[in-house]
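**Student:** So that we are looking at the same thing, I have put the structure below in structure tokens.
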Amino acid sequence: MNIEHLVKMANQIEAFFKAQTNPDLAVDGIADHIKRFWDPRMRKQIKAHVAAGGAGLDAMTVEAIKRLG
Amino acid sequence: MLSKFDQDFGTPSVDSAKQVTLQIDGMSVTVPAGTSIMRAAAGAGVSVPKLCATDAIEPFGSCRLCLVEIEGRKGYPASCTTQCDEGMVVRTQTGKLADLRRGVMELYISDHPLDCLTCSANGNCELQDMAGVVGLREVRYGYEGANHTKAKKDESNPYFTYDPSKCIVCSRCVRACEEVQGTFALTIEGRGFDSRVAASQNEKFLDSECVSCGACVQACPTATLTEKSIIQFGQPERSVVTTCAYCGVGCSFRAEMQGNRVVRMVPNKNGQANHGHSCVKGRFAWGYATHKDRITKPMIREKISDAWREVSWDEALQYAAGKFKSIQAKYGRDSVGGITSSRCTNEETYLVQKLVRAVFGNNNVDTCARVCHSPTGYGLKTTLGESAGTQHFDSVEHADVIMVIGANPTDGHPVFASAMKRRLRGNDKGQRPGAKLIVVDPRVIDLVRTPHVQADYHLQLRPGTNVAVINALAHVVVTEGLVNEAFVKERCETAEFDKWREFVSRPYNSPEAMEPVTGVPAAKLREAARLYATGGNAAIYYGLGVTEHSQGSTMVIGIANLAMATGNIGRLGVGVNPLRGQNNVQGACDMGSFPHELPGYRHISDGKTRALFEQAWSVKLLDEPGLRIPNMFEASLDGSFRGLYVQGEDVLQSDPNTHHVQAALEALECLVVQDLFLNETAKYAHVFLPGSSFLEKNGTFTNAERRISPVRKVMPALAGKEDWEVTQALANAMGYPMNYKHPREIMAEIALLTPTFHGVSYEKLDKLGSIQWPCNEAHPIGTPVMHIDQFVRGKGKFVVTEYVPTDEKVTRKFPLLMTTGRILSQYNVGAQTRRTANVVWHPEDRVEIHPHDAEERGIKDGDWVGITSRAGETVLHATVTERVQPGVVYTTFHFPESGANVITTDNSDWATNCPEYKVTAVQLVRVSQPSEWQKQYKAFSERQADLLEQRVARQS
């Protein structure tokens with residue numbers, strides 16, 4: 001899949017959840033959303049992208065993707 | 001003419017707790033107070049002669065045929081306009097009444113052609129019936145005097161004829177146009193003998209304001225307004241109640257038949273969604289079902305450059321099954337998937353998702369709700385606990401304030417729009433003022449100003465700023481002390497509400513701060529917010545103008561927040577009401593068409609639910625979400641997704657960024673399309689499985705108000721199989737046994753496995769007519785209004801909705817914002833309506849541009865203009881109009897050659913990937929020829945038409 005699209009989608013998710021007041025909960029929210037709605041191959045790819053430095057991903061998103069396990 | 005299979009009670013029913021008892025022809029009759037004598041008599045089996053009365057419209061008292069005698073009263077009052085009183089003694093048949101009625105009929109017939117035997121109304125003519133009932137034997141005046149019997153017909157409307165020679169000037173058509181449809185296109189022109197029905201300013205029907213809903217045709221007691229199909233074929237001999245396959249209103253119709261031929265479709269007055277009303281699509285545009293373009297034989301081909309080869313059902317299904325199996329063997333279990341159809345029945349969508357989950361063994365199933373109302377599912381589930389609208393349509397009758405956001409009901413949901421307009425007009429006797437109206441839309445939709453309706457506030461926002469507007473509305477509610485504190489305290493999560501209250505109170509969410517972003521004057525927005533919060537029962541109706549944005553889900557949440565904060569949820573007249581696009585888009589979502597959810601909106605990771613299905617289906621289910629449609633396209637392009645089964649959808653035309661979709665479809669090894677026609681997607685297919693229209697199958701559709709309605713087979717499937725049978729045969733061909741004998745068995749399985757459907761059965765549907773889910777042990781006859789005592793999730797949840805501007809921004813290169821929508825006469829991708837006479841109203845998609853923007857670019861009305869976005873370019877004719885604001889252009893997407901989606905981008909809703917159809921930055925320039933894409937696509941389409949033409953017939 002186009003990694004740029006996945007990065008954009010992940011950052012969009014972050015933009016929603018970071019407005020929730022507790023940053024830690026926001027990271028959980030991002031992780032939970034990706035887990036619940038992204039197909040495993042999409043998650044695998046974004047995790048690999050984070051492992052490779054996570055270019056373009058916002059900070060909370062990187063943290064959330066690391067929490068995906 | 002009315003349906004002869006229905007009883008006409010003459011005047012509308014009256015809803016009153018008080019009952020009155022009277023004597024009619026010696027019988028004791030008890031009716032609700034306010035009921036007319038005519039209706040009371042009809043209910044008791046006594047037919048009072050009548051011509052100008054019918055129960056869809058208010059009584060008028062003009063024909064003087066329904067006169068009765070009432071003891072103790074002078075004269076002969078009209079039974080249609082006289083209400084029943086306690087103890088009244090009424091006689092409907094006396095010698096004097098007979099004389100009076102004969103005299104009236106004699107006058108009518110003295111100016112009426114006597115061609116009854118060859119008249120199209122023969123067999124269902126109220127005038128003829130009344131002449132018989134009153135015993136008219138002669139017309140003493142003769143027929144030679146001045147008359148209208150040679151008046152010229154108006155045949156301009158493609159579906160019905162206006163023959164003024166047959167008109168008795170009863171005004172039923174005029175009143176139906178006003179009261180039922182709310183268009184006010186008809187009038188009685190002239191006085192006395194010269195009185196005639198006229199459309200608009202005495203124009204031809206086609207050129208007038210008439211929207212061809214058919215209400216006048218239905219109301220006409222003679223052959224004056226008659227369906228051309230009745231003129232051609234004659235009167236029907238049987239009638240089957242079924243459900244329309246167009247929009248999410250889900251109108252109930254009587255398919256009136258001669259053998260297996262539909263003669264006409266008449267809205268069913270007992271239909272609980274439409275109450276006997278219809279629109280031009282459902283009423284008239286059904287000819288596509290037997291159009292010559294229907295493909296009725298299965299076809300296969302190795303490559304899309306090959307000619308098609310007609311094969312047997314068995315060969316086509318074995319071929320498709322073999323392809324899917326070999327792709328999975330080579331590329332893995334997750335390399336194939338399916339798309340269910342929002343135009344097919346619940347039972348059919350259920351089977352497709354079952355095929356994907358149980359037979360393909362993955363969760364790569366999605367539906368076209370992905371591109372329309374998926375944010376509704378997410379947003380309402382998050383806040384209220386259920387992915388559906390909160391009210392039934394009739395609830396609008398109890399609303400005091402109606403807020404319409406990003407919806408254009410008069411075009412998209414016309415029959416519901418008529419109900420809404422009726423409430424907005426109020427009671428014309430002045431007893432009940434109309435509801436107040438707030439419209440939130442970038443465009444001046446018809447509702448903003450239409451006969452006897454004018455929006456109190458039109459918040460004409462810039463496309464893409466919905467969330468800024470909803471936050472500003474909430475800001476006013478919270479900071480001006482308009483929150484319904486008692487409701488919030490009792491019904492909602494307090495901590496979440498406090499967070500939300502603090503968030504929306506922030507100064508940057510104020511109408512003043514947001515005005516430069518939204519373009520909505522702050523003072524106006526404040527007044528609208530106050531009206532919504534304090535104007536009594538306030539109901540929100542919204543459409544794709546809410547969902548098809550990068551913040552579509554956020555906006556749905558914002559709407560739910562606002563409704564909860566003001567206590568406008570959980571009773572009649574209020575609520576959050578998504579107007580669903582396609583006939584069964586609600587049903588397709590309910591049936592587990594999304595890749596992350598099993599039927600009934602239960603997440604695939606929920607082990608308990610999965611176990612239920614695993615036991616019923618005898619397979620192990622994957623616990624991970626599958627690919628959504630846009631993800632399928634992406635995965636196709638990276639080679640990890642190779643085979644797709646598409647039932648009744650046209651993703652190539654309907655999905656955004658056509659170049660991208662074309663490339664994705666082209667990259668598939670096996671594309672199986674099941675459809676009525678060789679649609680745009682099917683031009684890329686390797687297997688074509690003929691579909692069946694809604695007239696050819698049994699099943700159910702679920703409309704926007706969660707109403708499950710029966711779809712009944714009125715003719716044999718042209719290709720020999722109903723769609724559910726095809727999916728079942730494909731499952732069997734893949735080695736998974738499915739042996740349903742009838743869709744009722746599929747519904748029984750759905751009911752067994754889905755708590756909100758536990759009480760649904762075909763038997764109950766036959767008995768009740770339709771059922772609104774949840775229907776189960778707690779709600780045995782269904783649920784018109786949800787969240788009454790508590791929310792489905794328990795406490796309502798407020799969620800903070802930060803406004804995040806879309807990436808799709810205007811620049812010097814792309815200085816205009818394009819938004820898209822639909823039009824009354826066409827439906828979605830137009831595959832059905834383009835194959836009907838509806839094209840007379842809308843033969844092409846055009847781009848609307850404001851006169852200021854047009855002048856700057858030297859564009860005149862009717863010019864070819866090139867529309868360029870970051871995704872592509874297309875060319876359309878321009879309509880210069882002030883309906884759009886400066887800086888905004890608008891188009892529809894009903895014709896494939898328009899390429900509206902060549903321009904739309906990959907941007908999508910953050911939560912659901914619903915595409916951002918409503919905001920695309922574009923530039924417009926005058927051009928003289930079609931775009932490169934249009935030329936290439938035309939060549940490709942012609943080549944595909946040739947390959948269809950050259951198809952190798954099956955050797956039998």
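Letters A, B, ... mark the chains of the structure tokens in the order given; residue numbers begin at 1 per chain; ligand numbers begin at 1, in order shown.
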Please report as CSV every residue of chain A lying within 8 Å of chain B, along with the nearest atom pair and their distance in Å (one decimal), using only C-alpha atoms.

**Tutor:**
residue,atom,partner,partner_atom,distance
A:Met1,CA,B:Glu634,CA,5.3
A:Asn2,CA,B:Glu634,CA,6.8
A:Met9,CA,B:Trp910,CA,6.2
A:Gln12,CA,B:Trp910,CA,5.2
A:Ile13,CA,B:Trp910,CA,5.5
A:Ala15,CA,B:Val804,CA,7.3
A:Phe16,CA,B:Glu802,CA,6.7
A:Ala19,CA,B:Glu802,CA,6.0
A:Gln20,CA,B:Val800,CA,6.1
A:Thr21,CA,B:Lys499,CA,7.6
A:His33,CA,B:Ala911,CA,7.8
A:Arg36,CA,B:Pro625,CA,6.7
A:Phe37,CA,B:Pro625,CA,6.0
A:Trp38,CA,B:Pro625,CA,6.3
A:Asp39,CA,B:Gly626,CA,4.8
A:Pro40,CA,B:Glu624,CA,6.9

**Student:** Which polymer residues have any atom within 9 Å of an atom of Gly887 of chain B, counting only C-alpha atoms, with same-chain residues fewer than 5 positions away left out, as a short mmCIF file (atom, residue, chain, number, x, y, z; two decimals) with N, CA and C atoms, in the first residue's frame?

**Tutor:**
data_model
loop_
_atom_site.label_atom_id
_atom_site.label_comp_id
_atom_site.auth_asym_id
_atom_site.auth_seq_id
_atom_site.Cartn_x
_atom_site.Cartn_y
_atom_site.Cartn_z
N ARG B 462 -18.93 27.79 4.00
CA ARG B 462 -17.98 27.34 2.98
C ARG B 462 -17.84 25.82 3.06
N PRO B 815 -8.42 27.79 -7.36
CA PRO B 815 -9.00 28.81 -6.48
C PRO B 815 -10.47 28.58 -6.09
N LEU B 816 -11.11 27.58 -6.66
CA LEU B 816 -12.53 27.36 -6.37
C LEU B 816 -12.72 26.04 -5.62
N LEU B 817 -13.79 25.95 -4.84
CA LEU B 817 -14.10 24.68 -4.17
C LEU B 817 -15.27 24.03 -4.89
N MET B 818 -15.06 22.79 -5.30
CA MET B 818 -16.16 22.07 -5.96
C MET B 818 -16.83 21.15 -4.93
N ILE B 849 -21.89 27.44 -11.57
CA ILE B 849 -20.88 28.43 -11.20
C ILE B 849 -21.58 29.76 -10.97
N HIS B 850 -21.10 30.52 -9.98
CA HIS B 850 -21.71 31.81 -9.66
C HIS B 850 -21.39 32.82 -10.78
N HIS B 852 -20.40 35.79 -10.81
CA HIS B 852 -19.16 36.55 -10.61
C HIS B 852 -17.95 35.74 -11.08
N ASP B 853 -17.89 34.48 -10.62
CA ASP B 853 -16.77 33.61 -11.02
C ASP B 853 -16.81 33.33 -12.52
#

**Student:** Could you give me, as a list in words, the residues within 10 Å of segment 187-199 of chain B, counting only C-alpha atoms and dropping anything in the same chain fewer than 3 positions from it?

**Tutor:**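 Within the cut-off, the hits are Asp111, Ala146, Asn147, His148, Tyr162, Asp163, Pro164, Ser165, Cys167, Ile168, Val169, Cys170, Ser171, Cys173, Val174, Arg175, Cys177, Glu178, Phe184, Asn202, Glu203, Lys204, Phe205, Leu206, Asp207, Ser208, Glu209, Cys210 and Thr224 of chain B.
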
**Student:** Give me every strand (DSSP E or B) residue in segment 277-477 of chain B, going by DSSP on the backbone, as a PyMOL selection string.

**Tutor:** chain B and resi 299-300+309-310+336-340+365-367+401-405+436-440+449-450+453-454+457-459

**Student:** Which residues are close to segment 42-50 of chain A, i.e. within 7 Å by only C-alpha atoms, leaving aside same-chain residues fewer than 3 positions away? Reply as a VMD selection string.

**Tutor:** chain A and resid 6 38 to 39 53 to 54 62 65

**Student:** Pick out each residue of chain A that DSSP on the backbone tags as alpha helix (DSSP H); I need them as number ranges by chain.

**Tutor:** A: 3-17, 23-37, 40-51, 59-67

**Student:** Please produce an output containing N, CA and C atoms for each residue in the selection, written as a short mmCIF file (atom, residue, chain, number, x, y, z; two decimals), in the first residue's frame.

**Tutor:**
data_model
loop_
_atom_site.label_atom_id
_atom_site.label_comp_id
_atom_site.auth_asym_id
_atom_site.auth_seq_id
_atom_site.Cartn_x
_atom_site.Cartn_y
_atom_site.Cartn_z
N ILE A 3 2.49 4.08 1.33
CA ILE A 3 2.79 4.43 2.73
C ILE A 3 2.43 5.87 3.04
N GLU A 4 2.54 6.72 2.02
CA GLU A 4 2.16 8.13 2.26
C GLU A 4 0.68 8.25 2.64
N HIS A 5 -0.15 7.41 1.99
CA HIS A 5 -1.57 7.43 2.34
C HIS A 5 -1.80 6.95 3.76
N LEU A 6 -1.07 5.89 4.13
CA LEU A 6 -1.23 5.35 5.49
C LEU A 6 -0.77 6.38 6.52
N VAL A 7 0.32 7.06 6.23
CA VAL A 7 0.84 8.07 7.15
C VAL A 7 -0.20 9.19 7.31
N LYS A 8 -0.76 9.60 6.19
CA LYS A 8 -1.76 10.67 6.25
C LYS A 8 -2.98 10.23 7.07
N MET A 9 -3.44 8.99 6.80
CA MET A 9 -4.59 8.48 7.55
C MET A 9 -4.30 8.43 9.04
N ALA A 10 -3.10 7.97 9.39
CA ALA A 10 -2.74 7.84 10.81
C ALA A 10 -2.69 9.22 11.46
N ASN A 11 -2.13 10.18 10.75
CA ASN A 11 -2.06 11.54 11.32
C ASN A 11 -3.44 12.17 11.46
N GLN A 12 -4.33 11.83 10.53
CA GLN A 12 -5.71 12.33 10.65
C GLN A 12 -6.37 11.80 11.91
N ILE A 13 -6.10 10.51 12.19
CA ILE A 13 -6.67 9.89 13.40
C ILE A 13 -6.12 10.61 14.63
N GLU A 14 -4.82 10.90 14.58
CA GLU A 14 -4.21 11.62 15.70
C GLU A 14 -4.89 12.98 15.91
N ALA A 15 -5.16 13.66 14.81
CA ALA A 15 -5.75 15.00 14.92
C ALA A 15 -7.06 14.97 15.68
N PHE A 16 -7.81 13.89 15.52
CA PHE A 16 -9.07 13.77 16.25
C PHE A 16 -8.81 13.49 17.73
N PHE A 17 -7.97 12.49 17.98
CA PHE A 17 -7.83 12.04 19.37
C PHE A 17 -7.02 12.99 20.24
N PRO A 23 -3.41 13.32 27.10
CA PRO A 23 -2.57 12.83 26.00
C PRO A 23 -2.40 11.32 26.00
N ASP A 24 -2.32 10.75 27.21
CA ASP A 24 -2.12 9.31 27.28
C ASP A 24 -3.34 8.57 26.73
N LEU A 25 -4.50 9.08 27.10
CA LEU A 25 -5.73 8.48 26.59
C LEU A 25 -5.84 8.67 25.08
N ALA A 26 -5.34 9.82 24.62
CA ALA A 26 -5.39 10.09 23.18
C ALA A 26 -4.55 9.07 22.43
N VAL A 27 -3.38 8.77 22.95
CA VAL A 27 -2.52 7.76 22.30
C VAL A 27 -3.23 6.41 22.28
N ASP A 28 -3.87 6.08 23.40
CA ASP A 28 -4.65 4.84 23.44
C ASP A 28 -5.77 4.87 22.39
N GLY A 29 -6.39 6.01 22.28
CA GLY A 29 -7.49 6.15 21.31
C GLY A 29 -7.01 5.92 19.89
N ILE A 30 -5.86 6.49 19.58
CA ILE A 30 -5.31 6.32 18.22
C ILE A 30 -4.99 4.84 17.99
N ALA A 31 -4.32 4.25 18.97
CA ALA A 31 -3.93 2.83 18.83
C ALA A 31 -5.16 1.94 18.69
N ASP A 32 -6.14 2.21 19.52
CA ASP A 32 -7.37 1.40 19.50
C ASP A 32 -8.09 1.55 18.16
N HIS A 33 -8.14 2.78 17.67
CA HIS A 33 -8.82 3.00 16.39
C HIS A 33 -8.12 2.23 15.26
N ILE A 34 -6.81 2.32 15.23
CA ILE A 34 -6.06 1.63 14.17
C ILE A 34 -6.25 0.11 14.31
N LYS A 35 -6.25 -0.35 15.52
CA LYS A 35 -6.42 -1.80 15.74
C LYS A 35 -7.81 -2.26 15.31
N ARG A 36 -8.79 -1.45 15.59
CA ARG A 36 -10.18 -1.86 15.31
C ARG A 36 -10.58 -1.72 13.84
N PHE A 37 -9.91 -0.81 13.12
CA PHE A 37 -10.39 -0.53 11.77
C PHE A 37 -9.39 -0.80 10.65
N PRO A 40 -4.84 -6.05 8.96
CA PRO A 40 -3.49 -6.37 9.49
C PRO A 40 -2.35 -5.94 8.57
N ARG A 41 -2.56 -6.04 7.24
CA ARG A 41 -1.42 -5.68 6.36
C ARG A 41 -1.14 -4.18 6.44
N MET A 42 -2.18 -3.40 6.69
CA MET A 42 -1.97 -1.96 6.84
C MET A 42 -1.21 -1.67 8.13
N ARG A 43 -1.58 -2.40 9.18
CA ARG A 43 -0.91 -2.19 10.47
C ARG A 43 0.55 -2.62 10.39
N LYS A 44 0.76 -3.74 9.70
CA LYS A 44 2.12 -4.27 9.56
C LYS A 44 3.00 -3.23 8.86
N GLN A 45 2.42 -2.64 7.83
CA GLN A 45 3.19 -1.70 7.03
C GLN A 45 3.51 -0.42 7.81
N ILE A 46 2.53 0.05 8.57
CA ILE A 46 2.77 1.30 9.31
C ILE A 46 3.74 1.02 10.46
N LYS A 47 3.69 -0.20 11.01
CA LYS A 47 4.64 -0.54 12.08
C LYS A 47 6.06 -0.59 11.53
N ALA A 48 6.17 -1.16 10.34
CA ALA A 48 7.49 -1.23 9.70
C ALA A 48 7.99 0.19 9.42
N HIS A 49 7.07 1.04 9.05
CA HIS A 49 7.44 2.42 8.76
C HIS A 49 7.95 3.12 10.03
N VAL A 50 7.29 2.85 11.14
CA VAL A 50 7.74 3.42 12.42
C VAL A 50 9.11 2.87 12.77
N ALA A 51 9.27 1.57 12.57
CA ALA A 51 10.56 0.95 12.87
C ALA A 51 11.68 1.56 12.03
N ALA A 59 4.03 12.83 16.47
CA ALA A 59 4.61 12.16 17.64
C ALA A 59 3.65 11.19 18.32
N MET A 60 2.43 11.63 18.56
CA MET A 60 1.48 10.75 19.25
C MET A 60 1.17 9.51 18.41
N THR A 61 1.14 9.69 17.11
CA THR A 61 0.84 8.56 16.22
C THR A 61 1.96 7.52 16.35
N VAL A 62 3.19 7.99 16.36
CA VAL A 62 4.32 7.06 16.49
C VAL A 62 4.17 6.27 17.78
N GLU A 63 3.86 6.99 18.86
CA GLU A 63 3.70 6.34 20.16
C GLU A 63 2.57 5.31 20.10
N ALA A 64 1.47 5.70 19.47
CA ALA A 64 0.30 4.81 19.37
C ALA A 64 0.66 3.56 18.57
N ILE A 65 1.37 3.73 17.49
CA ILE A 65 1.71 2.58 16.65
C ILE A 65 2.66 1.64 17.40
N LYS A 66 3.51 2.23 18.22
CA LYS A 66 4.39 1.37 19.04
C LYS A 66 3.56 0.54 20.03
N ARG A 67 2.46 1.11 20.47
CA ARG A 67 1.61 0.39 21.44
C ARG A 67 0.80 -0.74 20.78
#

**Student:** For atom CA of Lys813 of chain B and atom CA of Leu924 of chain B, determine how far apart the two atoms are, in Å to one decimal place.

**Tutor:** 10.1 Å

**Student:** With distances taken over only C-alpha atoms, which residue among B:Glu179, B:Glu302, B:Glu614, B:Asp675 lies nearest His452 of chain B?

**Tutor:**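 Checking each candidate against His452 of chain B, we get B:Glu179 as the closest.
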
**Student:** Got a sec: who's within 12 Å of Thr382 of chain B, counting only C-alpha atoms, leaving out chain neighbours fewer than 3 positions off, as a PyMOL selection string?

**Tutor:** (chain A and resi 33) or (chain B and resi 375-379+385-388+553-554+556-558+560-561+601+791-800+911)

**Student:** Find the distance between atom CA of Gln128 of chain B and atom CA of Asp25 of chain B and write it in Å to one decimal.

**Tutor:**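 Calculated distance between atom CA of Gln128 of chain B and atom CA of Asp25 of chain B is 24.7 Å.
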